[in-house]
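To keep things clear, I will list the structure first and then write my remarks on it.
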Amino acid sequence: MKPMDSGVICPVCGTSSPATAKFCLKCGQRLAGLPPEPFAPEAARPGWLRWFAAMAIGAVVVLVVAAILGVVYGLSSGKLGRTAETVALFTPTTDEMLIISTASVSPTQTPAEPTSTLMPSDTPTATATSTPTATPTPTATPVTPTITPSPTVTPTPTLTPTRRPTPVPYCYFGTLEGIEDYIYPLISIHGVVVNRKGVGVEGMRVRVSAYEWHNDVLTGWDGVFVIDGLSQPLEWTISLPEYNVSVQVPIERHGQRGVVRFEERPCR
C-alpha cells in the first residue's frame, strides 16, 4: 500500500487539504502558513471536526430559512411597510447631510468655510390673506296660511231590517187511489204516508173506523201501512188523527182492497 502525502487540516471545518493548497477545498478558508498535517489513516482522524462542521452548516441553513420567513411574514402583515416608514423618518435630509459632512472634518485638515449657510431669506414670502366674502342677507319668505277644510259629516246609514219570508204552512191531504180485487178473501186496506219531499214518514199513526169501532196502526220505515182482516163490506174511514184528515173507502164485497195515499202539501 502506497503511503499518502501529508496535508494541511482546515482549522474551520477540519477538512484535510494537500500541503500545496492555499485555501481549504471545502469551506475556502485560507491555509497559507499552516503546518502540514502528518499522515494518518482515515479511521484515526478525529470525528468531532466533521460533526462540528455539519452543525455549523445546519445553523447557517436555519438562519437563512428564518430570515426568509421573517421577510414573508413582514410583507403579509404590513410590518415591513411600517419599518420602511420608520427608516424614512430617521433618514437625514439634504441640509442635515450638508451640516454633518461639514462638521465631520478630519483634525488634520483645515476646516473650510461652509459652502452654504441656512439663513433666512430676505425675499418676503407671500402671505395668504383671507378676503371676507359678503354673506347674502336672507330674504323673508311670506308664509301662506293653509286653510284646513272642516270635515264633512257622513250620515250614518239607516239599517233596514231584512224581512224574512213567512213560512208556508203544510197540511196532509188524503186521496183514494182506487179499489181493486185482492186474492185475500177478506177486506184489506193498504196505504202510504209521505212528506213534502215525497219520502215515506215512519211511525205515523193511521186509524181505521166504522160506526163506533176504530183501530190504530203505525206506518213502517217506508211510510206504508196495511190493514187486513176487515169482515164487513161497508164504507170504511181511514184518517190521521193528529192532522184531522180522513179518506172514505167504500168496499162492496169481500176480496176487495182499497188503496189510500196521504201526502203533505201547502195548506190551501
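Identifiers in this document derive from the order of the C-alpha cells: chains are assigned A, B, ..., residues are numbered from 1 separately in each chain, and ligands are numbered from 1 in order of occurrence.
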Distance query region 209-214 of chain A at most 10 Å, only C-alpha atoms, self and fewer than 3 positions along chain excluded, as a list in words: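 Those residues are Gln232, Leu234, Glu235, Trp236, Thr237, Ile238, Ser239 and Gln248 of chain A.
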Test item: residues at most 10 Å from Gly198 (chain A), only C-alpha atoms, excluding those fewer than 6 positions along its chain, as an NGL selection string: :A and (263-265)
For the residues in the current selection, export N, CA and C atoms as a PDB file, in the first residue's frame.
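Result file follows (out_29.pdb):
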```pdb
ATOM      1  N   GLU A 263    -150.532  12.681   1.680  1.00  0.00           N
ATOM      2  CA  GLU A 263    -149.378  13.444   1.196  1.00  0.00           C
ATOM      3  C   GLU A 263    -149.365  14.840   1.840  1.00  0.00           C
ATOM      4  N   GLU A 264    -148.198  15.324   2.208  1.00  0.00           N
ATOM      5  CA  GLU A 264    -148.038  16.656   2.824  1.00  0.00           C
ATOM      6  C   GLU A 264    -147.861  17.684   1.716  1.00  0.00           C
ATOM      7  N   ARG A 265    -148.739  18.674   1.702  1.00  0.00           N
ATOM      8  CA  ARG A 265    -148.711  19.751   0.711  1.00  0.00           C
ATOM      9  C   ARG A 265    -149.022  21.082   1.397  1.00  0.00           C
TER      10      ARG A 265
END
```
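Closest approach to Gly203 (chain A) among A:Ala32, A:Leu240, A:Ile57, A:Val168 is made by A:Leu240 (distances from only C-alpha atoms).
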Separation of CA of Val226 (chain A) from CA of Pro250 (chain A) in Å: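 So the two atoms, CA of Pro250 (chain A) and CA of Val226 (chain A), lie 16.5 Å apart.
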One-decimal distance in Å that lies between CA of Val194 (chain A) and CA of Glu180 (chain A):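 Between CA of Glu180 (chain A) and CA of Val194 (chain A) the gap is 21.8 Å.
Of the residues under consideration (A:Phe173, A:Phe262, A:Tyr182, A:Tyr73), A:Phe262 shows the shortest atom-to-atom contact distance to Met204 (chain A) when counting only C-alpha atoms.
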Backbone-only DSSP, strand (DSSP E) members of region 136-250 of chain A, as JSON, numbers by chain: {"A": [170, 171, 172, 173, 174, 175, 176, 177, 178, 179, 180, 181, 187, 188, 189, 190, 191, 192, 193, 194, 205, 206, 207, 208, 209, 210, 213, 214, 215, 216, 217, 218, 224, 225, 226, 227, 228, 229, 230, 235, 236, 237, 238, 239, 240, 245, 246, 247, 248, 249, 250]}
Interatomic distance (Å, one decimal) between CA of Glu177 (chain A) and CA of Val247 (chain A):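 Between these atoms lies a distance of 10.2 Å.
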Which residue of A:Val193, A:Val249, A:Ala59, A:Val208 approaches Val224 (chain A) most closely, using only C-alpha atoms: A:Val193
